[in-house]
Amino acid sequence: MKRLFFPILLGALLLLGACSKDDDDSSSGGAGTPNAGNGTFTCEVDGQSYVSDPEKVIGLSSDVGGLFNRIASGFRDANGDTLVVTITIVSFNVNAFETGATFDSGNVLGNWCFGAVSFNNGGSGEYTATSSADNLPCSVTLTAYDPVAATFSGTFAFDANDEDANVTNVVTNGVFTNIEFD
């Protein structure tokens, strides 16, 4: 079942890469349309501070076959390198998304989540490490959820692995705020 969500994650990353500040008018685009530029997204990746470029914070919702997803992602360019950190929360119950709700990678039949770190230096240094690859730990707590305004905030942490690239990332102290998802 986890393999079903990896294409959703990749789709969100592709949409994020296609977004630029000029493309965004910060208006709601409806379910399945990414919204960028209104929230914040920070964390530590392997102990190094990560703060997303403000205009490249994105939210997305997807409701597919009774599975409800909320995605928050931050994108940063620095010195020719691109780093994207994404957290995806999933439930079979749309009412599970509420302030105080928790999601973890071990609860695949309930409220679960997974994370990803994508890196590209414009050359041969490229990978996408995910927490879903080896059932690595991932946790999210929603600190605010407003279905009317279609925004959410939360905290997160996860470990991610890309066996092909022999890369493991530890993401800690993650915080996303006021992410528009619809």
# chains A, B, ... in the order shown; residues from 1 in each chain; ligands from 1
$ closest_atom_pairs --of "segment 115-161 of chain A" --to "segment 76-87 of chain A" --cutoff "7 Å" --atoms "only C-alpha atoms" --output "JSON lines"
{"residue": "A:Gly115", "atom": "CA", "partner": "A:Ile87", "partner_atom": "CA", "distance": 4.4}
{"residue": "A:Ala116", "atom": "CA", "partner": "A:Thr86", "partner_atom": "CA", "distance": 5.2}
{"residue": "A:Val117", "atom": "CA", "partner": "A:Val85", "partner_atom": "CA", "distance": 4.7}
{"residue": "A:Ser118", "atom": "CA", "partner": "A:Val84", "partner_atom": "CA", "distance": 5.1}
{"residue": "A:Phe119", "atom": "CA", "partner": "A:Leu83", "partner_atom": "CA", "distance": 4.7}
{"residue": "A:Asn120", "atom": "CA", "partner": "A:Thr82", "partner_atom": "CA", "distance": 5.2}
{"residue": "A:Asn121", "atom": "CA", "partner": "A:Asp81", "partner_atom": "CA", "distance": 4.2}
{"residue": "A:Gly122", "atom": "CA", "partner": "A:Asp81", "partner_atom": "CA", "distance": 6.6}
$ write_last_selection --atoms "C-alpha atoms" --output "CSV table (one decimal), in the first residue's frame"
chain,number,residue,atom,x,y,z
A,115,GLY,CA,8.8,11.9,4.5
A,116,ALA,CA,11.3,12.5,1.7
A,117,VAL,CA,14.5,14.4,1.1
A,118,SER,CA,15.4,15.1,-2.6
A,119,PHE,CA,18.8,16.6,-3.5
A,120,ASN,CA,20.2,17.7,-6.8
A,121,ASN,CA,23.4,19.5,-7.3
A,122,GLY,CA,22.9,20.0,-11.1
$ closest_residue --among "A:Thr141, A:Ser73, A:Ser52, A:Asn111" --to "Thr99 of chain A" --atoms "only C-alpha atoms"
A:Thr141
$ residues_around --residues "Gly100 of chain A" --least-positions-apart "2" --cutoff "12 Å" --atoms "only C-alpha atoms" --output "list in words"
Ala96, Phe97, Glu98, Thr102, Phe103, Val140, Thr141, Leu142, Thr143, Ala144, Tyr145, Asp146, Phe152, Ser153, Gly154 and Thr155 of chain A
$ closest_residue --among "A:Val94, A:Cys43, A:Ala160, A:Val108" --to "Phe68 of chain A" --atoms "only C-alpha atoms"
A:Val94
$ residues_around --residues "Ser131 of chain A" --least-positions-apart "6" --cutoff "12 Å" --atoms "only C-alpha atoms" --output "ChimeraX atom specification"
/A:2-3,5-6,9,85-88,104-106,112-118,137-139,157-163,167-171
$ select_by_dssp --residues "segment 130-171 of chain A" --states "strand (DSSP E)" --output "number ranges by chain"
A: 130, 138-146, 151-162, 167-171
$ closest_residue --among "A:Thr128, A:Asp63, A:Gly174, A:Asp182" --to "Gly47 of chain A" --atoms "only C-alpha atoms"
A:Gly174
$ atom_distance --atom1 "atom CA of Val45 of chain A" --atom2 "atom CA of Ala129 of chain A"
11.8 Å
$ closest_residue --among "A:Phe92, A:Phe156, A:Phe176, A:Tyr127" --to "Pro54 of chain A" --atoms "only C-alpha atoms"
A:Phe176
$ atom_distance --atom1 "atom CA of Glu44 of chain A" --atom2 "atom CA of Ser61 of chain A"
24.5 Å
